[in-house]
Amino acid sequence: MKNNNKFRPNPELKLMEQVRQVLRYHHYAYRTETTYCYWIVRYIRFFNAKRHPKDMGKFEIEAFLSHLAVEGKVAVSTQRQALNAIIFLYKHVLDQPVEELIEHIRAQKHRRPPVVMSQAEVQRVLLQMSGVHLLMAQLLYGGGLRLMESVRLRVQDLDFERNLIYVRDGKGGKDRTTIFPATIKSGLQAHMTKVKQLHDQDLDKGYGNVYLPNALDRKYPHASKEFGWQYVFPSKQLSTDPRSGIMRRHHVLESGLQKAVKIAVTRAQIHKRVGCHTFRHSFATHLLENGVNIRVVQELMGHADVKTTEIYTHVMAKDINAVASPLDFLGQQ
């Protein structure tokens with residue numbers, strides 16, 4: 001049954017323009033918009049673009065997903081991403097819900113223990129980093145931030161007085177607070193002075209406004225130029241906002257930090273699969289090793305279920321020196 005109260009895209013627009021219109025109506029992030037459009041186009045092209053998606057359905061969707069899993073050998077998360085994009089297309093754009101019709105042919109998910117660095121390894125990696133990338137990596141480890149959470153930090157999200165970091169619109173659209181490492185306070189304050197100078201220069205040149213989420217720029221017309229809304233780690237260059245066409249200073253690209261971490265790990269001669277997210281895994285594991293209650297760690301990590309946090313108990317360093325081997329008991333009875 002069709003929902004007559006839901007938002008409907010302009011039927012005069014082409015299909016992909018309708019998709020973008022609905023995505024923006026629901027305030028999806030630009031990154032998500034780009035990803036969903038990519039998978040929808042791939043789905044259409046998989047059938048040589050000979051048929052409109054409204055004339056396809058369960059059979060075609062399952063065929064495409066099977067192709068991704070069997071022949072494309074994509075990761076579980078990749079297949080789920082493609083499925084979510086297609087479900088969005090049918091549910092919100094074509095008004096033909098198909099989610100309940102799709103067979104569970106998703107790729108098998110194997111939950112592996114996370115890769116974790118020891119405290120000594122973390123220190124070795126950080127010693128190979130410098131400047132802004134060092135500050136960002138210290139936030140990943142010191143506050144348990146995800147990569148994009150650190151990249152998207154705003155000036156007002158850092159509470160120097162209360163020693164808190166506010167994470168806005170994290171994974172799942174949730175907000176949370178986490179630890180503000182005292183070690184990097186002075187470094188961040190010096191960095192913020194440079195950010196303020198850069199912002200003042202932008203204002204003098206007629207720029208200085210930043211992207212605001214959820215149409216806040218309409219509710220608070222002058223907020224986009226306030227320093228508190230600026231990114232903690234701004235890009236070196238101004239760029240054109242792909243949606244509004246406004247020249248702005250966005251945040252740095254996450255790829256810069258990813259490359260810096262990769263180089264640092266190599267120089268530190270660590271042979272694990274370490275990336276930016278490893279700092280977050282290490283944050284949780286080291287807190288548990290230091291006796292912090294798992295419920296507190298759950299809150300700091302922003303996990304909805306404590307079972308997600310419990311995975312770190314499997315990689316904690318455990319004192320096994322006091323445990324005797326059963327071989328040593330032979331002959332004692």
# chains A, B, ... in the order shown; residues from 1 in each chain; ligands from 1

$ select_by_dssp --residues "stretch 217-328 of chain A" --states "alpha helix (DSSP H)" --output "JSON, numbers by chain"
{"A": [217, 218, 219, 254, 255, 256, 257, 258, 259, 260, 261, 262, 263, 264, 265, 266, 267, 276, 277, 278, 279, 280, 281, 282, 283, 284, 285, 286, 287, 288, 289, 294, 295, 296, 297, 298, 299, 300, 301, 306, 307, 308, 309, 310]}

$ residues_around --residues "stretch 158-169 of chain A" --least-positions-apart "2" --cutoff "10 Å" --atoms "only C-alpha atoms" --output "JSON list (two decimals) with C-alpha atoms, in the first residue's frame"
[["chain", "number", "residue", "atom", "x", "y", "z"],
["A", 139, "LEU", "CA", 42.39, 12.35, 19.46],
["A", 143, "GLY", "CA", 39.19, 9.95, 22.98],
["A", 145, "LEU", "CA", 37.07, 8.82, 18.06],
["A", 146, "ARG", "CA", 36.31, 7.37, 14.67],
["A", 149, "GLU", "CA", 34.36, 12.03, 13.89],
["A", 150, "SER", "CA", 37.77, 13.62, 14.31],
["A", 152, "ARG", "CA", 34.30, 16.71, 11.39],
["A", 153, "LEU", "CA", 34.98, 18.15, 14.85],
["A", 154, "ARG", "CA", 33.81, 21.75, 15.28],
["A", 155, "VAL", "CA", 35.49, 24.32, 17.52],
["A", 156, "GLN", "CA", 32.53, 24.30, 19.92],
["A", 171, "LYS", "CA", 27.58, 6.57, 13.74],
["A", 172, "GLY", "CA", 23.86, 5.94, 13.70],
["A", 173, "GLY", "CA", 23.19, 9.66, 14.07],
["A", 174, "LYS", "CA", 23.96, 9.52, 17.80],
["A", 175, "ASP", "CA", 25.62, 12.18, 19.96],
["A", 176, "ARG", "CA", 27.95, 11.36, 22.84],
["A", 177, "THR", "CA", 30.67, 12.81, 25.03],
["A", 178, "THR", "CA", 34.11, 11.35, 25.49],
["A", 179, "ILE", "CA", 37.42, 12.01, 27.23],
["A", 180, "PHE", "CA", 39.50, 15.11, 26.42],
["A", 181, "PRO", "CA", 43.14, 13.97, 26.83],
["A", 182, "ALA", "CA", 44.99, 16.47, 29.03],
["A", 185, "LYS", "CA", 45.37, 20.46, 25.49],
["A", 186, "SER", "CA", 48.26, 22.89, 25.00],
["A", 188, "LEU", "CA", 45.24, 21.95, 20.56],
["A", 189, "GLN", "CA", 45.06, 25.45, 22.01],
["A", 213, "PRO", "CA", 23.88, 20.47, 9.14],
["A", 228, "GLY", "CA", 32.41, 28.08, 17.14],
["A", 232, "VAL", "CA", 38.87, 22.16, 14.17],
["A", 302, "GLY", "CA", 28.89, 5.12, 21.76]]

$ residues_around --residues "A:Lys225" --least-positions-apart "2" --cutoff "8 Å" --atoms "only C-alpha atoms" --output "ChimeraX atom specification"
/A:203,208-210,222-223,227,229-230

$ write_last_selection --atoms "C-alpha atoms" --output "short mmCIF file (atom, residue, chain, number, x, y, z; two decimals), in the first residue's frame"
data_model
loop_
_atom_site.label_atom_id
_atom_site.label_comp_id
_atom_site.auth_asym_id
_atom_site.auth_seq_id
_atom_site.Cartn_x
_atom_site.Cartn_y
_atom_site.Cartn_z
CA LEU A 203 36.11 36.81 6.82
CA GLY A 208 34.32 32.51 6.34
CA ASN A 209 30.99 30.69 6.27
CA VAL A 210 30.95 26.95 6.88
CA HIS A 222 24.68 34.22 10.84
CA ALA A 223 25.83 31.03 12.59
CA PHE A 227 34.05 30.74 14.98
CA TRP A 229 30.94 26.39 14.07
CA GLN A 230 34.24 26.24 12.16
#

$ residues_around --residues "A:Phe59" --least-positions-apart "3" --cutoff "12 Å" --atoms "only C-alpha atoms" --output "VMD selection string"
chain A and resid 47 53 55 to 56 62 to 66 98 101 to 103

$ write_last_selection --atoms "N, CA and C atoms" --output "mmCIF file, in the first residue's frame"
data_model
loop_
_atom_site.group_PDB
_atom_site.id
_atom_site.type_symbol
_atom_site.label_atom_id
_atom_site.label_comp_id
_atom_site.auth_asym_id
_atom_site.auth_seq_id
_atom_site.Cartn_x
_atom_site.Cartn_y
_atom_site.Cartn_z
ATOM 1 N N PHE A 47 21.902 -4.322 -15.745
ATOM 2 C CA PHE A 47 20.937 -4.850 -16.720
ATOM 3 C C PHE A 47 20.965 -4.016 -18.008
ATOM 4 N N PRO A 53 14.025 0.867 -13.242
ATOM 5 C CA PRO A 53 13.915 0.109 -11.987
ATOM 6 C C PRO A 53 12.479 -0.164 -11.548
ATOM 7 N N ASP A 55 10.190 -1.175 -13.296
ATOM 8 C CA ASP A 55 9.728 -2.370 -13.996
ATOM 9 C C ASP A 55 10.518 -3.601 -13.578
ATOM 10 N N MET A 56 11.403 -3.428 -12.600
ATOM 11 C CA MET A 56 12.174 -4.549 -12.056
ATOM 12 C C MET A 56 11.788 -4.726 -10.594
ATOM 13 N N GLU A 62 17.899 -9.491 -6.395
ATOM 14 C CA GLU A 62 18.620 -10.651 -5.883
ATOM 15 C C GLU A 62 19.724 -11.082 -6.846
ATOM 16 N N ALA A 63 19.473 -10.963 -8.141
ATOM 17 C CA ALA A 63 20.495 -11.308 -9.131
ATOM 18 C C ALA A 63 21.701 -10.389 -9.005
ATOM 19 N N PHE A 64 21.447 -9.101 -8.803
ATOM 20 C CA PHE A 64 22.530 -8.127 -8.663
ATOM 21 C C PHE A 64 23.315 -8.371 -7.381
ATOM 22 N N LEU A 65 22.619 -8.613 -6.281
ATOM 23 C CA LEU A 65 23.299 -8.859 -5.011
ATOM 24 C C LEU A 65 24.102 -10.153 -5.039
ATOM 25 N N SER A 66 23.557 -11.168 -5.702
ATOM 26 C CA SER A 66 24.289 -12.435 -5.844
ATOM 27 C C SER A 66 25.550 -12.237 -6.662
ATOM 28 N N VAL A 98 10.407 -3.026 -1.181
ATOM 29 C CA VAL A 98 10.780 -4.385 -1.577
ATOM 30 C C VAL A 98 11.573 -5.110 -0.491
ATOM 31 N N LEU A 101 10.611 -8.530 0.596
ATOM 32 C CA LEU A 101 10.571 -9.536 -0.466
ATOM 33 C C LEU A 101 11.933 -10.156 -0.737
ATOM 34 N N ILE A 102 13.010 -9.429 -0.357
ATOM 35 C CA ILE A 102 14.352 -9.880 -0.703
ATOM 36 C C ILE A 102 14.768 -11.062 0.154
ATOM 37 N N GLU A 103 15.220 -12.121 -0.504
ATOM 38 C CA GLU A 103 15.711 -13.297 0.203
ATOM 39 C C GLU A 103 17.020 -12.957 0.917
#

$ select_by_dssp --residues "stretch 211-292 of chain A" --states "strand (DSSP E)" --output "ChimeraX atom specification"
/A:239-240,247-248

$ write_last_selection --atoms "C-alpha atoms" --output "CSV table (one decimal), in the first residue's frame"
chain,number,residue,atom,x,y,z
A,239,SER,CA,36.4,24.9,-2.3
A,240,THR,CA,33.0,25.0,-3.9
A,247,MET,CA,32.8,28.9,-1.8
A,248,ARG,CA,33.7,27.6,1.6

$ atom_distance --atom1 "atom CA of A:Glu17" --atom2 "atom CA of A:Val41"
11.8 Å

$ residues_around --residues "A:Leu68" --least-positions-apart "2" --cutoff "12 Å" --atoms "only C-alpha atoms" --output "PyMOL selection string"
chain A and resi 39+42-43+46+61-66+70-83+105-107

$ write_last_selection --atoms "N, CA and C atoms" --output "PDB file, in the first residue's frame"
ATOM      1  N   TRP A  39      25.658   3.138  -6.258  1.00  0.00           N
ATOM      2  CA  TRP A  39      25.127   1.773  -6.281  1.00  0.00           C
ATOM      3  C   TRP A  39      23.845   1.674  -7.105  1.00  0.00           C
ATOM      4  N   ARG A  42      24.946   1.534 -10.656  1.00  0.00           N
ATOM      5  CA  ARG A  42      25.518   0.213 -10.956  1.00  0.00           C
ATOM      6  C   ARG A  42      24.435  -0.839 -11.120  1.00  0.00           C
ATOM      7  N   TYR A  43      23.416  -0.750 -10.283  1.00  0.00           N
ATOM      8  CA  TYR A  43      22.292  -1.681 -10.358  1.00  0.00           C
ATOM      9  C   TYR A  43      21.582  -1.560 -11.702  1.00  0.00           C
ATOM     10  N   PHE A  46      23.781  -2.816 -14.544  1.00  0.00           N
ATOM     11  CA  PHE A  46      23.978  -4.265 -14.521  1.00  0.00           C
ATOM     12  C   PHE A  46      23.051  -4.946 -15.516  1.00  0.00           C
ATOM     13  N   ILE A  61      16.898  -7.598  -8.221  1.00  0.00           N
ATOM     14  CA  ILE A  61      17.687  -7.163  -7.070  1.00  0.00           C
ATOM     15  C   ILE A  61      18.520  -8.321  -6.528  1.00  0.00           C
ATOM     16  N   GLU A  62      17.899  -9.491  -6.395  1.00  0.00           N
ATOM     17  CA  GLU A  62      18.620 -10.651  -5.883  1.00  0.00           C
ATOM     18  C   GLU A  62      19.724 -11.082  -6.846  1.00  0.00           C
ATOM     19  N   ALA A  63      19.473 -10.963  -8.141  1.00  0.00           N
ATOM     20  CA  ALA A  63      20.495 -11.308  -9.131  1.00  0.00           C
ATOM     21  C   ALA A  63      21.701 -10.389  -9.005  1.00  0.00           C
ATOM     22  N   PHE A  64      21.447  -9.101  -8.803  1.00  0.00           N
ATOM     23  CA  PHE A  64      22.530  -8.127  -8.663  1.00  0.00           C
ATOM     24  C   PHE A  64      23.315  -8.371  -7.381  1.00  0.00           C
ATOM     25  N   LEU A  65      22.619  -8.613  -6.281  1.00  0.00           N
ATOM     26  CA  LEU A  65      23.299  -8.859  -5.011  1.00  0.00           C
ATOM     27  C   LEU A  65      24.102 -10.153  -5.039  1.00  0.00           C
ATOM     28  N   SER A  66      23.557 -11.168  -5.702  1.00  0.00           N
ATOM     29  CA  SER A  66      24.289 -12.435  -5.844  1.00  0.00           C
ATOM     30  C   SER A  66      25.550 -12.237  -6.662  1.00  0.00           C
ATOM     31  N   VAL A  70      29.045 -13.351  -5.152  1.00  0.00           N
ATOM     32  CA  VAL A  70      29.664 -14.552  -5.734  1.00  0.00           C
ATOM     33  C   VAL A  70      30.786 -14.211  -6.704  1.00  0.00           C
ATOM     34  N   GLU A  71      30.495 -13.352  -7.660  1.00  0.00           N
ATOM     35  CA  GLU A  71      31.495 -13.023  -8.677  1.00  0.00           C
ATOM     36  C   GLU A  71      32.351 -11.824  -8.280  1.00  0.00           C
ATOM     37  N   GLY A  72      31.716 -10.833  -7.670  1.00  0.00           N
ATOM     38  CA  GLY A  72      32.480  -9.668  -7.251  1.00  0.00           C
ATOM     39  C   GLY A  72      33.262  -9.889  -5.979  1.00  0.00           C
ATOM     40  N   LYS A  73      32.864 -10.914  -5.196  1.00  0.00           N
ATOM     41  CA  LYS A  73      33.524 -11.265  -3.937  1.00  0.00           C
ATOM     42  C   LYS A  73      33.677 -10.039  -3.030  1.00  0.00           C
ATOM     43  N   VAL A  74      32.618  -9.228  -2.964  1.00  0.00           N
ATOM     44  CA  VAL A  74      32.685  -8.016  -2.151  1.00  0.00           C
ATOM     45  C   VAL A  74      32.561  -8.355  -0.672  1.00  0.00           C
ATOM     46  N   ALA A  75      32.995  -7.436   0.161  1.00  0.00           N
ATOM     47  CA  ALA A  75      32.878  -7.606   1.606  1.00  0.00           C
ATOM     48  C   ALA A  75      31.413  -7.516   2.022  1.00  0.00           C
ATOM     49  N   VAL A  76      31.128  -8.029   3.213  1.00  0.00           N
ATOM     50  CA  VAL A  76      29.767  -8.009   3.725  1.00  0.00           C
ATOM     51  C   VAL A  76      29.231  -6.582   3.780  1.00  0.00           C
ATOM     52  N   SER A  77      30.062  -5.677   4.281  1.00  0.00           N
ATOM     53  CA  SER A  77      29.631  -4.286   4.424  1.00  0.00           C
ATOM     54  C   SER A  77      29.332  -3.648   3.078  1.00  0.00           C
ATOM     55  N   THR A  78      30.083  -4.049   2.047  1.00  0.00           N
ATOM     56  CA  THR A  78      29.876  -3.494   0.705  1.00  0.00           C
ATOM     57  C   THR A  78      28.545  -3.967   0.130  1.00  0.00           C
ATOM     58  N   GLN A  79      28.260  -5.245   0.293  1.00  0.00           N
ATOM     59  CA  GLN A  79      26.996  -5.769  -0.214  1.00  0.00           C
ATOM     60  C   GLN A  79      25.808  -5.157   0.525  1.00  0.00           C
ATOM     61  N   ARG A  80      25.956  -4.966   1.823  1.00  0.00           N
ATOM     62  CA  ARG A  80      24.887  -4.356   2.615  1.00  0.00           C
ATOM     63  C   ARG A  80      24.664  -2.904   2.181  1.00  0.00           C
ATOM     64  N   GLN A  81      25.753  -2.228   1.856  1.00  0.00           N
ATOM     65  CA  GLN A  81      25.663  -0.846   1.393  1.00  0.00           C
ATOM     66  C   GLN A  81      24.886  -0.758   0.086  1.00  0.00           C
ATOM     67  N   ALA A  82      25.181  -1.674  -0.830  1.00  0.00           N
ATOM     68  CA  ALA A  82      24.469  -1.709  -2.107  1.00  0.00           C
ATOM     69  C   ALA A  82      22.990  -2.019  -1.888  1.00  0.00           C
ATOM     70  N   LEU A  83      22.705  -2.960  -1.000  1.00  0.00           N
ATOM     71  CA  LEU A  83      21.321  -3.324  -0.706  1.00  0.00           C
ATOM     72  C   LEU A  83      20.557  -2.137  -0.114  1.00  0.00           C
ATOM     73  N   ILE A 105      20.202 -13.458   1.097  1.00  0.00           N
ATOM     74  CA  ILE A 105      21.334 -14.048   0.375  1.00  0.00           C
ATOM     75  C   ILE A 105      22.591 -13.229   0.628  1.00  0.00           C
ATOM     76  N   ARG A 106      22.583 -12.491   1.729  1.00  0.00           N
ATOM     77  CA  ARG A 106      23.704 -11.610   2.018  1.00  0.00           C
ATOM     78  C   ARG A 106      24.962 -12.421   2.313  1.00  0.00           C
ATOM     79  N   ALA A 107      26.093 -11.819   2.018  1.00  0.00           N
ATOM     80  CA  ALA A 107      27.368 -12.487   2.260  1.00  0.00           C
ATOM     81  C   ALA A 107      27.504 -12.805   3.745  1.00  0.00           C
TER      82      ALA A 107
END

$ closest_residue --among "A:Phe233, A:Arg280, A:Ala268, A:Leu287" --to "A:Arg124" --atoms "only C-alpha atoms"
A:Ala268

$ residues_around --residues "A:Cys276" --least-positions-apart "3" --cutoff "7 Å" --atoms "only C-alpha atoms" --output "VMD selection string"
chain A and resid 147 258 261 279

$ atom_distance --atom1 "atom CA of A:Pro97" --atom2 "atom CA of A:Glu33"
19.4 Å

$ closest_residue --among "A:Val115, A:Ile40, A:Val296, A:Ala260" --to "A:Leu89" --atoms "only C-alpha atoms"
A:Ile40

$ residues_around --residues "A:His27" --least-positions-apart "2" --cutoff "12 Å" --atoms "only C-alpha atoms" --output "list in words"
Arg20, Gln21, Val22, Leu23, Arg24, Tyr25, Ala29, Tyr30, Arg31, Thr32, Glu33, Asp169, Gly173, Leu212, Pro213, Asn214, Ala215 and Leu216 of chain A

$ closest_residue --among "A:Arg8, A:His286, A:Lys194, A:Arg243" --to "A:Val132" --atoms "only C-alpha atoms"
A:Lys194

$ atom_distance --atom1 "atom CA of A:Asp202" --atom2 "atom CA of A:Gln237"
10.6 Å
